[in-house]
Structure formats: C-alpha cells, structure tokens
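J.: Got a structure for you, run-v3.pdb, holding PDB, C-alpha atoms.
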ATOM      1  CA  MET A   1     -48.217 -66.278-115.235  1.00  0.00           C
ATOM      2  CA  LYS A   2     -48.392 -65.569-111.478  1.00  0.00           C
ATOM      3  CA  ALA A   3     -46.576 -62.258-112.033  1.00  0.00           C
ATOM      4  CA  VAL A   4     -49.178 -61.176-114.595  1.00  0.00           C
ATOM      5  CA  ASN A   5     -52.068 -62.075-112.265  1.00  0.00           C
ATOM      6  CA  LEU A   6     -50.376 -60.252-109.392  1.00  0.00           C
ATOM      7  CA  GLY A   7     -49.846 -57.202-111.610  1.00  0.00           C
ATOM      8  CA  ILE A   8     -53.504 -57.182-112.646  1.00  0.00           C
ATOM      9  CA  ALA A   9     -54.592 -57.506-109.016  1.00  0.00           C
ATOM     10  CA  CYS A  10     -52.357 -54.577-108.022  1.00  0.00           C
ATOM     11  CA  LEU A  11     -53.646 -52.408-110.844  1.00  0.00           C
ATOM     12  CA  SER A  12     -57.260 -53.264-109.955  1.00  0.00           C
ATOM     13  CA  THR A  13     -56.651 -52.291-106.342  1.00  0.00           C
ATOM     14  CA  LEU A  14     -54.993 -49.006-107.330  1.00  0.00           C
ATOM     15  CA  TYR A  15     -57.894 -48.223-109.659  1.00  0.00           C
ATOM     16  CA  ALA A  16     -60.405 -48.873-106.872  1.00  0.00           C
ATOM     17  CA  LEU A  17     -58.463 -46.736-104.391  1.00  0.00           C
ATOM     18  CA  CYS A  18     -57.709 -43.822-106.704  1.00  0.00           C
ATOM     19  CA  VAL A  19     -60.532 -43.560-109.214  1.00  0.00           C
ATOM     20  CA  LEU A  20     -63.707 -44.842-107.606  1.00  0.00           C
ATOM     21  CA  PRO A  21     -63.641 -42.726-104.420  1.00  0.00           C
ATOM     22  CA  ALA A  22     -63.206 -39.539-106.449  1.00  0.00           C
ATOM     23  CA  HIS A  23     -66.301 -40.358-108.461  1.00  0.00           C
ATOM     24  CA  ALA A  24     -68.278 -41.385-105.385  1.00  0.00           C
ATOM     25  CA  ALA A  25     -67.417 -38.080-103.693  1.00  0.00           C
ATOM     26  CA  ASP A  26     -69.113 -35.937-106.348  1.00  0.00           C
ATOM     27  CA  PRO A  27     -71.323 -33.497-104.437  1.00  0.00           C
ATOM     28  CA  ALA A  28     -75.061 -33.469-105.024  1.00  0.00           C
ATOM     29  CA  PRO A  29     -76.119 -30.515-107.200  1.00  0.00           C
ATOM     30  CA  VAL A  30     -78.514 -29.205-104.516  1.00  0.00           C
ATOM     31  CA  LYS A  31     -79.559 -29.993-100.962  1.00  0.00           C
ATOM     32  CA  LYS A  32     -82.032 -28.673 -98.424  1.00  0.00           C
ATOM     33  CA  VAL A  33     -80.572 -26.435 -95.696  1.00  0.00           C
ATOM     34  CA  ASP A  34     -82.691 -24.463 -93.215  1.00  0.00           C
ATOM     35  CA  GLY A  35     -85.820 -25.127 -95.274  1.00  0.00           C
ATOM     36  CA  ILE A  36     -84.461 -23.939 -98.640  1.00  0.00           C
ATOM     37  CA  LEU A  37     -82.598 -25.510-101.539  1.00  0.00           C
ATOM     38  CA  VAL A  38     -78.952 -24.532-101.908  1.00  0.00           C
ATOM     39  CA  ASP A  39     -76.348 -25.545-104.468  1.00  0.00           C
ATOM     40  CA  ALA A  40     -73.192 -27.557-103.716  1.00  0.00           C
ATOM     41  CA  HIS A  41     -71.526 -24.344-102.463  1.00  0.00           C
ATOM     42  CA  GLY A  42     -74.389 -23.457-100.092  1.00  0.00           C
ATOM     43  CA  MET A  43     -75.723 -20.683-102.329  1.00  0.00           C
ATOM     44  CA  THR A  44     -79.482 -20.111-102.371  1.00  0.00           C
ATOM     45  CA  VAL A  45     -81.364 -21.587-105.326  1.00  0.00           C
ATOM     46  CA  TYR A  46     -84.192 -19.756-107.130  1.00  0.00           C
ATOM     47  CA  THR A  47     -86.922 -20.330-109.713  1.00  0.00           C
ATOM     48  CA  PHE A  48     -88.118 -17.825-112.334  1.00  0.00           C
ATOM     49  CA  ASP A  49     -91.858 -17.267-112.908  1.00  0.00           C
ATOM     50  CA  LYS A  50     -91.333 -16.862-116.669  1.00  0.00           C
ATOM     51  CA  ASP A  51     -90.078 -20.471-116.929  1.00  0.00           C
ATOM     52  CA  VAL A  52     -92.804 -22.941-117.800  1.00  0.00           C
ATOM     53  CA  ALA A  53     -92.579 -26.109-115.694  1.00  0.00           C
ATOM     54  CA  GLY A  54     -91.940 -29.180-117.817  1.00  0.00           C
ATOM     55  CA  SER A  55     -91.170 -27.231-121.003  1.00  0.00           C
ATOM     56  CA  GLY A  56     -87.497 -28.206-120.942  1.00  0.00           C
ATOM     57  CA  LYS A  57     -86.558 -24.568-121.627  1.00  0.00           C
ATOM     58  CA  SER A  58     -85.135 -21.655-119.688  1.00  0.00           C
ATOM     59  CA  ALA A  59     -86.629 -18.196-120.265  1.00  0.00           C
ATOM     60  CA  CYS A  60     -83.491 -16.606-118.770  1.00  0.00           C
ATOM     61  CA  SER A  61     -80.720 -15.897-121.275  1.00  0.00           C
ATOM     62  CA  GLY A  62     -78.305 -13.096-122.164  1.00  0.00           C
ATOM     63  CA  PRO A  63     -78.083 -10.436-119.407  1.00  0.00           C
ATOM     64  CA  CYS A  64     -80.612 -12.397-117.348  1.00  0.00           C
ATOM     65  CA  ALA A  65     -78.329 -15.441-117.313  1.00  0.00           C
ATOM     66  CA  GLN A  66     -75.377 -13.267-116.269  1.00  0.00           C
ATOM     67  CA  ASN A  67     -77.290 -12.123-113.167  1.00  0.00           C
ATOM     68  CA  TRP A  68     -78.995 -15.455-112.568  1.00  0.00           C
ATOM     69  CA  PRO A  69     -76.507 -18.249-113.353  1.00  0.00           C
ATOM     70  CA  ALA A  70     -77.994 -21.659-114.056  1.00  0.00           C
ATOM     71  CA  VAL A  71     -77.465 -24.409-111.503  1.00  0.00           C
ATOM     72  CA  LYS A  72     -75.393 -26.843-113.531  1.00  0.00           C
ATOM     73  CA  ALA A  73     -76.483 -30.443-113.884  1.00  0.00           C
ATOM     74  CA  GLY A  74     -74.102 -33.304-114.480  1.00  0.00           C
ATOM     75  CA  ASP A  75     -74.647 -36.503-116.412  1.00  0.00           C
ATOM     76  CA  ALA A  76     -75.936 -38.546-113.475  1.00  0.00           C
ATOM     77  CA  THR A  77     -79.507 -39.826-113.451  1.00  0.00           C
ATOM     78  CA  LEU A  78     -81.478 -37.708-111.014  1.00  0.00           C
ATOM     79  CA  PRO A  79     -84.271 -38.867-108.727  1.00  0.00           C
ATOM     80  CA  SER A  80     -87.695 -37.247-109.039  1.00  0.00           C
ATOM     81  CA  PRO A  81     -88.569 -34.360-108.567  1.00  0.00           C
ATOM     82  CA  TYR A  82     -85.228 -33.349-110.160  1.00  0.00           C
ATOM     83  CA  SER A  83     -84.553 -33.366-113.878  1.00  0.00           C
ATOM     84  CA  THR A  84     -82.214 -31.793-116.405  1.00  0.00           C
ATOM     85  CA  ILE A  85     -82.883 -29.355-119.213  1.00  0.00           C
ATOM     86  CA  VAL A  86     -80.504 -28.423-122.011  1.00  0.00           C
ATOM     87  CA  ARG A  87     -80.016 -24.666-122.370  1.00  0.00           C
ATOM     88  CA  ASP A  88     -79.746 -22.936-125.752  1.00  0.00           C
ATOM     89  CA  ASP A  89     -75.937 -22.881-125.365  1.00  0.00           C
ATOM     90  CA  GLY A  90     -75.910 -26.676-124.893  1.00  0.00           C
ATOM     91  CA  THR A  91     -75.127 -26.701-121.163  1.00  0.00           C
ATOM     92  CA  LYS A  92     -77.190 -28.807-118.785  1.00  0.00           C
ATOM     93  CA  GLN A  93     -79.259 -27.091-116.113  1.00  0.00           C
ATOM     94  CA  LEU A  94     -80.854 -28.666-113.070  1.00  0.00           C
ATOM     95  CA  ALA A  95     -84.649 -28.408-112.762  1.00  0.00           C
ATOM     96  CA  TYR A  96     -86.930 -29.020-109.779  1.00  0.00           C
ATOM     97  CA  HIS A  97     -90.509 -30.088-110.488  1.00  0.00           C
ATOM     98  CA  GLY A  98     -89.743 -29.180-114.105  1.00  0.00           C
ATOM     99  CA  LYS A  99     -88.634 -25.598-113.328  1.00  0.00           C
ATOM    100  CA  PRO A 100     -85.014 -24.625-114.084  1.00  0.00           C
ATOM    101  CA  LEU A 101     -82.919 -23.608-111.076  1.00  0.00           C
ATOM    102  CA  TYR A 102     -80.674 -20.558-110.720  1.00  0.00           C
ATOM    103  CA  THR A 103     -78.428 -18.756-108.244  1.00  0.00           C
ATOM    104  CA  PHE A 104     -78.150 -14.950-107.949  1.00  0.00           C
ATOM    105  CA  VAL A 105     -74.904 -13.012-108.447  1.00  0.00           C
ATOM    106  CA  LYS A 106     -75.683 -10.571-105.614  1.00  0.00           C
ATOM    107  CA  ASP A 107     -75.767 -13.429-103.098  1.00  0.00           C
ATOM    108  CA  LYS A 108     -72.145 -13.279-101.977  1.00  0.00           C
ATOM    109  CA  LYS A 109     -72.202 -15.710 -99.049  1.00  0.00           C
ATOM    110  CA  ALA A 110     -73.889 -19.030 -98.437  1.00  0.00           C
ATOM    111  CA  GLY A 111     -77.421 -18.551 -97.113  1.00  0.00           C
ATOM    112  CA  GLU A 112     -77.974 -15.045 -98.501  1.00  0.00           C
ATOM    113  CA  ARG A 113     -81.344 -14.549-100.204  1.00  0.00           C
ATOM    114  CA  GLU A 114     -80.985 -11.196-101.957  1.00  0.00           C
ATOM    115  CA  GLY A 115     -82.835 -12.480-105.020  1.00  0.00           C
ATOM    116  CA  ASP A 116     -85.999 -13.606-103.239  1.00  0.00           C
ATOM    117  CA  LYS A 117     -89.065 -11.853-104.699  1.00  0.00           C
ATOM    118  CA  LYS A 118     -86.809  -9.782-106.986  1.00  0.00           C
ATOM    119  CA  MET A 119     -89.048  -8.070-109.572  1.00  0.00           C
ATOM    120  CA  ASN A 120     -91.825 -10.300-108.171  1.00  0.00           C
ATOM    121  CA  VAL A 121     -90.679 -13.134-110.501  1.00  0.00           C
ATOM    122  CA  TRP A 122     -87.729 -14.749-108.658  1.00  0.00           C
ATOM    123  CA  HIS A 123     -88.348 -17.030-105.681  1.00  0.00           C
ATOM    124  CA  VAL A 124     -86.291 -19.045-103.220  1.00  0.00           C
ATOM    125  CA  VAL A 125     -87.056 -22.750-103.553  1.00  0.00           C
ATOM    126  CA  THR A 126     -88.570 -23.799-100.220  1.00  0.00           C
ATOM    127  CA  ASP A 127     -90.344 -27.031-101.111  1.00  0.00           C
TER     128      ASP A 127
END
Please go through the file and, once you have read it, give me the structure as structure tokens.
T.:
Amino acid sequence: MKAVNLGIACLSTLYALCVLPAHAADPAPVKKVDGILVDAHGMTVYTFDKDVAGSGKSACSGPCAQNWPAVKAGDATLPSPYSTIVRDDGTKQLAYHGKPLYTFVKDKKAGEREGDKKMNVWHVVTD
C-alpha cells in the first residue's frame, strides 16, 4: 500500500513539474509596448474601421485576411476590455473594446507600423 501511495505522490509531482508550468507560461495574446498594442511576437496590432464594435464579426475576409491576419485568441477567459469573436472559418479572433484585432503582413519586424492609416481605415491600437 505504501508503494502505491509513493507512486501516486511521484506521479503528482512529475505532473506539477512538467505540465503545469508549460500551461502557466502561455504568453498573453497582446500587451502594451511603447504606447501601442502588440501581439505575443511584438508585432503591431491594428483595428479596421469597417468592423462594427460589439458585432462579434470581422469585416475582413478573403484577400483582406491574407494581408491583415487576425490576432488569434485562445480558450482562456479574457479580462475586459478584451473579448473573442468567432470568424466565419471557425477560428477565434481577439477583440479589443469589441473591435477585432489584426496584424499587417508588411510589418516585418517587431515595432513596425506600416499599416497605420493604410487606406484611411486601418489604425494602430494606442489605447
């Protein structure tokens, strides 16, 4: 009986050391750096004027979505003002104040802002 209890204790310890830290180390989807929101890789995050805040929908699909990839959202519960929308393809996208968030393919390095004011409808998230 002692061997079984010892085995369970060892397995519990291994689980705590191997599994829990990996989950706890999941990076936040976005963070504020130098006054703007960036994704987990440091890439600038944008909103799209054609998206309606709180609608739960993205107005950017097809070629638009190829140039402006959605900031992916996980399954974790997010604190306000963040939320999640489900895109038409079923993927989850992060939203800020109800507006879906995107990155821009022409931003090649962290901190670049090539998409800001693009076509007067794309904007860096500064709030």
J.: Counting only C-alpha atoms, what is within 12 Å of A:Lys57, bar same-chain residues fewer than 3 positions away, as a PyMOL selection string?
T.: chain A and resi 48+50-54+60-61+70+83-95+98-101
J.: Evaluate the PyMOL selection byres ((chain A and resi 104-120) around 8) and record the selected residues as a ChimeraX atom specification, following the chain and residue labels used in the document.
T.: /A:38,41-46,66-69,102-103,121-124
J.: Mind working out the centre and edge lengths of an axis-aligned box for stretch 81-88 of chain A, all listed atoms inside, 6 Å added to each side, rounded to one decimal in Å and written as JSON?
T.:
{"center_x": -84.2, "center_y": -28.6, "center_z": -117.2, "size_x": 20.8, "size_y": 23.4, "size_z": 29.2}
J.: Which residues fall under the PyMOL selection byres ((chain A and resi 126) around 6) in this file, as a PyMOL selection string?
T.: chain A and resi 35-36+125+127
J.: Could you check which of A:Val71, A:Pro63, A:Ala76, A:Gly56 is closest to A:Ala40, using only C-alpha atoms?
T.: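 The shortest atom-to-atom distance to A:Ala40 comes from A:Val71.
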J.: In Å, rounded to a single decimal, give me how far atom CA of A:Tyr82 is from atom CA of A:His97.
T.: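 Atom CA of A:Tyr82 lies at a distance of 6.2 Å from atom CA of A:His97.
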J.: Between A:Tyr96, A:Asp39, A:Thr47, A:Gly62, which one has atoms that come closest to A:Pro81, using all atoms listed in the file?
T.: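 Smallest separation from A:Pro81 among the options: A:Tyr96.
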